[in-house]
Every structure is written in structure tokens, then in C-alpha cells.
Amino acid sequence: MVGVSDFPPYPSGLRLAGRRVLVVGGGHVAQRRVPQLIAVGADVHVVSPMVTPAIEGLVGSGEIAWHERAFVDSDVDGAWYVIAVTDDRAVNDHVSALCEAQRVFCVRSDDATLGTAWTPAVGREAGITVAVVGNRDPRRSASVRDEIVAGLRDGTIAAPHHRAGTPERRPGVTLVGGGPGDPELISIAGRKALMAADVVVADRLAPRELLGDLPTDVELVDVAKLPRGRSAQQEEINRIIVERALEGKRVVRFKGGDNFVFGRGFEEIIACREAGVPVTVIPGLTSPVSVPGIAGIPVTHRGVTHEFTVVSGHLPPGHPESLVNYDALARMQGTVVVMMGVENAPHIADALVAGGRTASTPVAVVCDGTMPTQRTVLATLGTLAARLVEEDVKPPAIIVIGDVVAVAHPEALSAPLPAALADQG
């Protein structure tokens, strides 16, 4: 004889915005379900004598209602959807029986076969909601969902012409920070904008592997700026992005790191505004923080430094156009992170020592951060010039100066640590 559980579920998209949804139980399963209900606008009521701190935080912010007591039969009244997630099977049995009598769909966490609805693995991308029910196999459902959402994000499922007329395809310019180099470190929003573009205007340090994923009809404009070599003029870059946008195209200005950290991104915004071109910004992981972090070097550490300063080293100390006050920088006790400073690093080290930093101050030079060729060269301010030559350091590289380097590499460098931290050792 065929039982109810032998039939597959009938998929349906519930519109729960403004409608009462009852969650019976306040533990970790409820903690996973409630945010999904909030995201679709449901009027969520949690009934439980106790809840997790995360759920209590949602109560405090006014996003859900908490009835701090045991379940009573009247709780089901007026509910459109019920989730029974207590650790007491008898309570879950009672809740689902009441729901059955009142024709309210009920999900059970302890035994899905006894519920009248199942919670799918849900993902959202580009205005599409993907819900996968894997016949009570949640891991398989989540895996299939992730594959579909990934395809929507990178454009392998929805072709560009299928997206015509969507907000992502409206003419304008989007500044996308690609992160420090590893293509996996670009934001979801950044990748989405990149794959929806008609024109991509890319820098040399933008994650290059992602350019190979672009649809074949996307125009790629190379505006690389080589150190001491060929370099696209910023005025020309501004002209290109504005011109293409005025032609009715969706333009992505694609850079490594973040557009606003020594990236001249705001100059591009000004050019777009002056031309009446809509422009949006999708930030990227900025290299002076993310690259040291990936190399295992914190730019701050409790009891060691209370500040870090990021400076551009493309001009040497004393240059008439330099805006860096190296005397003031030397008097500070925190971490100094130097970008674009490989060529001028010996002069910067000399200036910091002349300003009061000790020659024994630890230094780390992280080369090709996040890339397969990444390596870290250790030195001090006094030995930095020689170490750069010995290790044949070439740009791009991030230079980290300060005691945090010794915290990360105590075996190679020494620096006095605060007593509170020393005692922990």
C-alpha cells in the first residue's frame, strides 16, 4: 500500500510577507530558520521558554516577537505557516496534529516525514529564488542549490541576452574593486557586475583569471599602468568609461584592491557625474589590510599597536610632490603599511630611522600577495635595502613596518612585547 510519505512534495513559493508565521522552539534550529523568515517579510512569532542569544538579539531589534513560555494550542490560531523545532517529540507531535486539523502547513525538524511541508535549501541571485528539495537529503539539496546559484552568479546558466532589461543591464558605470589578486577574493556583487557588463575597463592588477570568464561579446579595454613603464593616462580612462556609457552600454571599471585606496576611483566618479552618467561603487578587499592578513601578519594586535597607517611610497621622502610627513610617521608607534614603495623603500626606511624609529624595527615585504607566487621577505629598517636586493624583490609588494611583524614571526625577528602578552607565552 502506498503511503503519504512515498509521494514527492509539491513545490510552491509561499509569499509570507506580513503574514503570521509560528516557530515553536528557540534553539539552534530555530536560529537557522528565523532569519530566512525575516528576509521574506514574515510576521514571525517564536514560542519558547528560552531562546538562543542570537534570537534574543532579533527580539531586541524588533524584528520578531518572542512569547516567553511553553506552547499552547491557541498559538496556531491565525498562523499561515508553522515550524516545530523543539527537542521534545511529544510537543512537536501535538503541534503538527493541531496544524493538520486546522489545515496549516507544518514543518518538523525532528522527523520530516511527519510534517506537511519541508524546508528547501534556498538561494537567491539576480532576482531569482532557487529552492531545492532533495527528498529529505539536506546535504544534497544544499549542494545542488549552491551549484545553481554559482552558475547564476558567473553567467554560465543565465546567458547575457536573457538578462536584457534587468537592472544589471542599465547603462552606466560601476567601479568594481577586485581585491588583492586571487579571483576567489572578489565580492559576490563585484563578480555579478563583471559578468553583466558590456564593456570591462581593466587594470593590470585586477584579478586576471576573471577576465577569461567574461562572455565572448564583452569588450575588454586594457588600461594597465606599468611601474616606470607604459601607462594609460587617467584622462583617457575617464574618456573611455564615459564614452561607452553614453553609447548605452554597461561599463565596469575593474581594478585590483579597492578603487578608493590609491586607485583614483573618485576622479572617475567626478568624470561620470560631470557627464551625467550614472555611477555606482562596489568596494573590494583593500590590499594593505588583506595581503598582510593572508600572509599571517596582523596590522594591529592587542597590546602592541593601537593604529596603523597606510602610505603611498611611489614618491621618495623629500620629493616636492610627496604629501607624506615621514617625521610625524616615525614618531608614531603603530604599524606602517607602504604601497607602491619597492623602489623607494630604502629611502623610506632611512627617513623613518632619521625620524626616530629604531633600525631594528621589524619589516615584512609581502610579494605577489594572494597569488601562487606569494612570498614574504623579512628584514628590519636597517637591513631592508640589502634584503630587497638579495631577494630580488619586484613590484607588486606590500611593505609592513612595525612590531606586528615580530608578533607574526617571532622565530626570525624580535621585538619587546607588553608584559600582559609576554605572560601569555
# chains A, B, ... in the order shown; residues from 1 in each chain; ligands from 1

$ select_by_dssp --residues "region 167-239 of chain A" --states "strand (DSSP E)" --output "JSON, numbers by chain"
{"A": [172, 173, 174, 175, 176, 177, 199, 200, 201, 202, 219, 220, 221, 222]}

$ write_last_selection --atoms "N, CA, C and O atoms" --output "short mmCIF file (atom, residue, chain, number, x, y, z; two decimals), in the first residue's frame"
data_model
loop_
_atom_site.label_atom_id
_atom_site.label_comp_id
_atom_site.auth_asym_id
_atom_site.auth_seq_id
_atom_site.Cartn_x
_atom_site.Cartn_y
_atom_site.Cartn_z
N GLY A 172 25.46 52.70 -17.70
CA GLY A 172 26.11 53.39 -16.59
C GLY A 172 27.47 52.78 -16.33
O GLY A 172 27.94 51.92 -17.06
N VAL A 173 28.11 53.26 -15.27
CA VAL A 173 29.45 52.81 -14.91
C VAL A 173 29.41 52.25 -13.49
O VAL A 173 28.81 52.85 -12.59
N THR A 174 30.04 51.11 -13.30
CA THR A 174 30.22 50.53 -11.97
C THR A 174 31.70 50.37 -11.70
O THR A 174 32.42 49.76 -12.49
N LEU A 175 32.16 50.96 -10.61
CA LEU A 175 33.55 50.80 -10.18
C LEU A 175 33.63 49.55 -9.32
O LEU A 175 33.01 49.49 -8.26
N VAL A 176 34.39 48.57 -9.77
CA VAL A 176 34.49 47.29 -9.06
C VAL A 176 35.90 47.09 -8.55
O VAL A 176 36.86 47.08 -9.33
N GLY A 177 36.02 46.95 -7.24
CA GLY A 177 37.30 46.58 -6.64
C GLY A 177 37.45 45.08 -6.68
O GLY A 177 36.61 44.36 -6.14
N VAL A 199 31.08 46.30 -21.33
CA VAL A 199 32.46 46.75 -21.51
C VAL A 199 33.17 46.63 -20.16
O VAL A 199 32.62 47.04 -19.13
N VAL A 200 34.37 46.07 -20.16
CA VAL A 200 35.18 45.98 -18.95
C VAL A 200 36.49 46.73 -19.20
O VAL A 200 37.23 46.40 -20.13
N VAL A 201 36.74 47.74 -18.38
CA VAL A 201 37.95 48.55 -18.48
C VAL A 201 38.83 48.12 -17.31
O VAL A 201 38.57 48.45 -16.16
N ALA A 202 39.91 47.34 -17.61
CA ALA A 202 40.62 46.63 -16.57
C ALA A 202 42.05 47.10 -16.38
O ALA A 202 42.75 47.40 -17.34
N GLU A 219 33.34 43.70 -24.52
CA GLU A 219 34.52 44.45 -24.95
C GLU A 219 35.46 44.62 -23.76
O GLU A 219 35.06 45.12 -22.71
N LEU A 220 36.71 44.22 -23.92
CA LEU A 220 37.72 44.35 -22.88
C LEU A 220 38.70 45.44 -23.27
O LEU A 220 39.34 45.36 -24.33
N VAL A 221 38.82 46.45 -22.43
CA VAL A 221 39.74 47.56 -22.67
C VAL A 221 40.86 47.50 -21.64
O VAL A 221 40.61 47.56 -20.44
N ASP A 222 42.09 47.34 -22.11
CA ASP A 222 43.26 47.23 -21.24
C ASP A 222 43.80 48.62 -20.94
O ASP A 222 44.22 49.34 -21.84
#

$ residues_around --residues "region 390-398 of chain A" --least-positions-apart "4" --cutoff "9 Å" --atoms "only C-alpha atoms" --output "list in words"
Leu205, Pro227, Ser287, Pro288, Val291, Pro292, Val337, Val338, Met339, Met340, Gly341, Val342, Glu343, Ala364, Val365, Val366, Cys367, Asp368, Gly369, Val377, Ala385 and Ala386 of chain A

$ write_last_selection --atoms "N, CA, C and O atoms" --output "mmCIF file, in the first residue's frame"
data_model
loop_
_atom_site.group_PDB
_atom_site.id
_atom_site.type_symbol
_atom_site.label_atom_id
_atom_site.label_comp_id
_atom_site.auth_asym_id
_atom_site.auth_seq_id
_atom_site.Cartn_x
_atom_site.Cartn_y
_atom_site.Cartn_z
ATOM 1 N N LEU A 205 46.454 44.981 -12.320
ATOM 2 C CA LEU A 205 46.398 44.246 -11.062
ATOM 3 C C LEU A 205 45.014 43.693 -10.751
ATOM 4 O O LEU A 205 44.816 43.068 -9.715
ATOM 5 N N PRO A 227 54.621 49.938 -13.667
ATOM 6 C CA PRO A 227 55.557 50.737 -12.880
ATOM 7 C C PRO A 227 56.733 51.192 -13.741
ATOM 8 O O PRO A 227 57.441 50.389 -14.336
ATOM 9 N N SER A 287 44.236 45.917 -0.432
ATOM 10 C CA SER A 287 45.478 45.154 -0.310
ATOM 11 C C SER A 287 46.283 45.444 0.960
ATOM 12 O O SER A 287 46.878 44.521 1.522
ATOM 13 N N PRO A 288 46.383 46.701 1.438
ATOM 14 C CA PRO A 288 47.224 46.934 2.615
ATOM 15 C C PRO A 288 46.734 46.258 3.884
ATOM 16 O O PRO A 288 47.485 46.149 4.851
ATOM 17 N N VAL A 291 46.329 41.671 2.213
ATOM 18 C CA VAL A 291 47.552 40.938 1.863
ATOM 19 C C VAL A 291 48.371 40.578 3.104
ATOM 20 O O VAL A 291 48.767 39.421 3.268
ATOM 21 N N PRO A 292 48.647 41.515 4.018
ATOM 22 C CA PRO A 292 49.322 41.101 5.245
ATOM 23 C C PRO A 292 48.534 40.040 6.010
ATOM 24 O O PRO A 292 49.117 39.093 6.560
ATOM 25 N N VAL A 337 52.092 50.658 6.760
ATOM 26 C CA VAL A 337 51.955 49.810 5.578
ATOM 27 C C VAL A 337 52.230 50.673 4.354
ATOM 28 O O VAL A 337 51.569 51.695 4.154
ATOM 29 N N VAL A 338 53.218 50.272 3.570
ATOM 30 C CA VAL A 338 53.631 51.051 2.408
ATOM 31 C C VAL A 338 53.200 50.326 1.140
ATOM 32 O O VAL A 338 53.522 49.148 0.933
ATOM 33 N N MET A 339 52.470 51.036 0.297
ATOM 34 C CA MET A 339 52.082 50.519 -1.009
ATOM 35 C C MET A 339 52.902 51.212 -2.092
ATOM 36 O O MET A 339 53.330 52.356 -1.924
ATOM 37 N N MET A 340 53.113 50.507 -3.176
ATOM 38 C CA MET A 340 53.839 51.068 -4.330
ATOM 39 C C MET A 340 55.190 51.639 -3.912
ATOM 40 O O MET A 340 55.629 52.674 -4.422
ATOM 41 N N GLY A 341 55.861 50.962 -2.978
ATOM 42 C CA GLY A 341 57.068 51.539 -2.411
ATOM 43 C C GLY A 341 58.331 50.724 -2.577
ATOM 44 O O GLY A 341 59.334 51.019 -1.911
ATOM 45 N N VAL A 342 58.347 49.729 -3.450
ATOM 46 C CA VAL A 342 59.525 48.878 -3.557
ATOM 47 C C VAL A 342 60.751 49.681 -3.979
ATOM 48 O O VAL A 342 61.831 49.577 -3.383
ATOM 49 N N GLU A 343 60.609 50.503 -4.991
ATOM 50 C CA GLU A 343 61.754 51.258 -5.490
ATOM 51 C C GLU A 343 62.285 52.250 -4.462
ATOM 52 O O GLU A 343 63.496 52.437 -4.312
ATOM 53 N N ALA A 364 58.317 43.394 7.046
ATOM 54 C CA ALA A 364 57.962 42.274 6.174
ATOM 55 C C ALA A 364 57.562 42.827 4.819
ATOM 56 O O ALA A 364 56.801 43.799 4.741
ATOM 57 N N VAL A 365 58.091 42.237 3.772
ATOM 58 C CA VAL A 365 57.716 42.602 2.411
ATOM 59 C C VAL A 365 56.970 41.410 1.818
ATOM 60 O O VAL A 365 57.551 40.340 1.621
ATOM 61 N N VAL A 366 55.671 41.594 1.572
ATOM 62 C CA VAL A 366 54.848 40.520 1.022
ATOM 63 C C VAL A 366 54.741 40.738 -0.480
ATOM 64 O O VAL A 366 54.122 41.700 -0.935
ATOM 65 N N CYS A 367 55.351 39.847 -1.222
ATOM 66 C CA CYS A 367 55.393 39.961 -2.680
ATOM 67 C C CYS A 367 54.276 39.124 -3.308
ATOM 68 O O CYS A 367 53.993 38.019 -2.860
ATOM 69 N N ASP A 368 53.661 39.674 -4.354
ATOM 70 C CA ASP A 368 52.623 38.950 -5.101
ATOM 71 C C ASP A 368 51.550 38.407 -4.175
ATOM 72 O O ASP A 368 51.164 37.233 -4.247
ATOM 73 N N GLY A 369 51.063 39.247 -3.297
ATOM 74 C CA GLY A 369 50.097 38.816 -2.294
ATOM 75 C C GLY A 369 48.893 38.113 -2.875
ATOM 76 O O GLY A 369 48.287 38.579 -3.840
ATOM 77 N N VAL A 377 59.394 38.384 2.529
ATOM 78 C CA VAL A 377 60.797 38.669 2.817
ATOM 79 C C VAL A 377 60.853 39.431 4.131
ATOM 80 O O VAL A 377 60.214 40.487 4.277
ATOM 81 N N ALA A 385 67.157 47.627 2.705
ATOM 82 C CA ALA A 385 67.739 47.888 1.378
ATOM 83 C C ALA A 385 68.506 46.681 0.864
ATOM 84 O O ALA A 385 68.347 46.262 -0.300
ATOM 85 N N ALA A 386 69.331 46.089 1.710
ATOM 86 C CA ALA A 386 70.122 44.938 1.295
ATOM 87 C C ALA A 386 69.239 43.726 1.024
ATOM 88 O O ALA A 386 69.468 42.977 0.058
#

$ residues_around --residues "region 19-25 of chain A" --least-positions-apart "6" --cutoff "9 Å" --atoms "only C-alpha atoms" --output "VMD selection string"
chain A and resid 33 to 34 37 41 to 51 70 to 71 75 to 76 78 to 87 91 to 92 95

$ closest_residue --among "A:Leu381, A:Val304, A:Ala330, A:Leu185" --to "Val407 (chain A)" --atoms "only C-alpha atoms"
A:Val304

$ residues_around --residues "region 119-131 of chain A" --least-positions-apart "6" --cutoff "8 Å" --atoms "only C-alpha atoms" --output "PyMOL selection string"
chain A and resi 107+138+141-142+145-146+148-149+152-153

$ residues_around --residues "Asn344 (chain A)" --least-positions-apart "6" --cutoff "12 Å" --atoms "only C-alpha atoms" --output "list in words"
Ser312, Gly313, His314, Leu315, Pro316, Pro317, Gly318, His319, Val338, Asp350, Ala351, Leu384, Ala385, Leu388, Lys394, Pro395 and Ile399 of chain A

$ write_last_selection --atoms "N, CA, C and O atoms" --output "PDB file, in the first residue's frame"
ATOM      1  N   SER A 312      51.408  55.849   0.508  1.00  0.00           N
ATOM      2  CA  SER A 312      51.893  55.553  -0.826  1.00  0.00           C
ATOM      3  C   SER A 312      53.388  55.858  -0.883  1.00  0.00           C
ATOM      4  O   SER A 312      53.826  56.939  -0.500  1.00  0.00           O
ATOM      5  N   GLY A 313      54.151  54.888  -1.391  1.00  0.00           N
ATOM      6  CA  GLY A 313      55.588  55.085  -1.492  1.00  0.00           C
ATOM      7  C   GLY A 313      56.056  55.354  -2.914  1.00  0.00           C
ATOM      8  O   GLY A 313      57.243  55.166  -3.213  1.00  0.00           O
ATOM      9  N   HIS A 314      55.148  55.808  -3.781  1.00  0.00           N
ATOM     10  CA  HIS A 314      55.541  55.999  -5.176  1.00  0.00           C
ATOM     11  C   HIS A 314      56.453  57.207  -5.354  1.00  0.00           C
ATOM     12  O   HIS A 314      57.129  57.333  -6.373  1.00  0.00           O
ATOM     13  N   LEU A 315      56.493  58.084  -4.321  1.00  0.00           N
ATOM     14  CA  LEU A 315      57.441  59.199  -4.328  1.00  0.00           C
ATOM     15  C   LEU A 315      58.365  59.063  -3.115  1.00  0.00           C
ATOM     16  O   LEU A 315      57.909  58.707  -2.026  1.00  0.00           O
ATOM     17  N   PRO A 316      59.637  59.350  -3.254  1.00  0.00           N
ATOM     18  CA  PRO A 316      60.571  59.203  -2.135  1.00  0.00           C
ATOM     19  C   PRO A 316      60.404  60.324  -1.121  1.00  0.00           C
ATOM     20  O   PRO A 316      59.885  61.398  -1.448  1.00  0.00           O
ATOM     21  N   PRO A 317      60.812  60.111   0.123  1.00  0.00           N
ATOM     22  CA  PRO A 317      60.791  61.192   1.118  1.00  0.00           C
ATOM     23  C   PRO A 317      61.596  62.383   0.598  1.00  0.00           C
ATOM     24  O   PRO A 317      62.641  62.231  -0.037  1.00  0.00           O
ATOM     25  N   GLY A 318      61.063  63.561   0.866  1.00  0.00           N
ATOM     26  CA  GLY A 318      61.738  64.772   0.422  1.00  0.00           C
ATOM     27  C   GLY A 318      61.356  65.228  -0.968  1.00  0.00           C
ATOM     28  O   GLY A 318      61.722  66.338  -1.382  1.00  0.00           O
ATOM     29  N   HIS A 319      60.639  64.408  -1.709  1.00  0.00           N
ATOM     30  CA  HIS A 319      60.201  64.826  -3.045  1.00  0.00           C
ATOM     31  C   HIS A 319      59.220  65.985  -2.905  1.00  0.00           C
ATOM     32  O   HIS A 319      58.338  65.969  -2.030  1.00  0.00           O
ATOM     33  N   VAL A 338      53.218  50.272   3.570  1.00  0.00           N
ATOM     34  CA  VAL A 338      53.631  51.051   2.408  1.00  0.00           C
ATOM     35  C   VAL A 338      53.200  50.326   1.140  1.00  0.00           C
ATOM     36  O   VAL A 338      53.522  49.148   0.933  1.00  0.00           O
ATOM     37  N   ASP A 350      65.270  54.862   5.621  1.00  0.00           N
ATOM     38  CA  ASP A 350      66.211  55.864   6.151  1.00  0.00           C
ATOM     39  C   ASP A 350      65.459  57.019   6.800  1.00  0.00           C
ATOM     40  O   ASP A 350      65.854  57.515   7.871  1.00  0.00           O
ATOM     41  N   ALA A 351      64.372  57.461   6.167  1.00  0.00           N
ATOM     42  CA  ALA A 351      63.606  58.591   6.699  1.00  0.00           C
ATOM     43  C   ALA A 351      62.959  58.234   8.027  1.00  0.00           C
ATOM     44  O   ALA A 351      62.907  59.057   8.958  1.00  0.00           O
ATOM     45  N   LEU A 384      66.712  46.554   5.332  1.00  0.00           N
ATOM     46  CA  LEU A 384      65.716  46.445   4.266  1.00  0.00           C
ATOM     47  C   LEU A 384      66.333  46.615   2.882  1.00  0.00           C
ATOM     48  O   LEU A 384      66.056  45.821   1.964  1.00  0.00           O
ATOM     49  N   ALA A 385      67.157  47.627   2.705  1.00  0.00           N
ATOM     50  CA  ALA A 385      67.739  47.888   1.378  1.00  0.00           C
ATOM     51  C   ALA A 385      68.506  46.681   0.864  1.00  0.00           C
ATOM     52  O   ALA A 385      68.347  46.262  -0.300  1.00  0.00           O
ATOM     53  N   LEU A 388      66.143  43.633  -0.017  1.00  0.00           N
ATOM     54  CA  LEU A 388      65.415  43.782  -1.280  1.00  0.00           C
ATOM     55  C   LEU A 388      66.285  43.361  -2.457  1.00  0.00           C
ATOM     56  O   LEU A 388      65.801  42.733  -3.412  1.00  0.00           O
ATOM     57  N   LYS A 394      60.516  42.553  -6.600  1.00  0.00           N
ATOM     58  CA  LYS A 394      59.929  43.382  -7.655  1.00  0.00           C
ATOM     59  C   LYS A 394      58.481  43.691  -7.285  1.00  0.00           C
ATOM     60  O   LYS A 394      57.834  42.931  -6.560  1.00  0.00           O
ATOM     61  N   PRO A 395      57.936  44.803  -7.792  1.00  0.00           N
ATOM     62  CA  PRO A 395      56.514  45.069  -7.568  1.00  0.00           C
ATOM     63  C   PRO A 395      55.662  43.995  -8.265  1.00  0.00           C
ATOM     64  O   PRO A 395      56.121  43.396  -9.239  1.00  0.00           O
ATOM     65  N   ILE A 399      54.670  46.463   1.923  1.00  0.00           N
ATOM     66  CA  ILE A 399      55.702  46.534   2.955  1.00  0.00           C
ATOM     67  C   ILE A 399      55.037  46.851   4.288  1.00  0.00           C
ATOM     68  O   ILE A 399      54.345  47.864   4.416  1.00  0.00           O
TER      69      ILE A 399
END

$ residues_around --residues "region 266-274 of chain A" --least-positions-apart "4" --cutoff "10 Å" --atoms "only C-alpha atoms" --output "JSON, numbers by chain"
{"A": [172, 173, 174, 175, 234, 235, 237, 238, 239, 241, 242, 243, 245, 246, 253, 259, 260, 261, 262, 278, 279, 280, 281]}

$ atom_distance --atom1 "CA of Phe105 (chain A)" --atom2 "CA of Ala117 (chain A)"
6.0 Å

$ atom_distance --atom1 "CA of Pro346 (chain A)" --atom2 "CA of Arg264 (chain A)"
25.9 Å

$ select_by_dssp --residues "region 105-261 of chain A" --states "alpha helix (DSSP H)" --output "PyMOL selection string"
chain A and resi 138-154+188-195+208-211+234-246
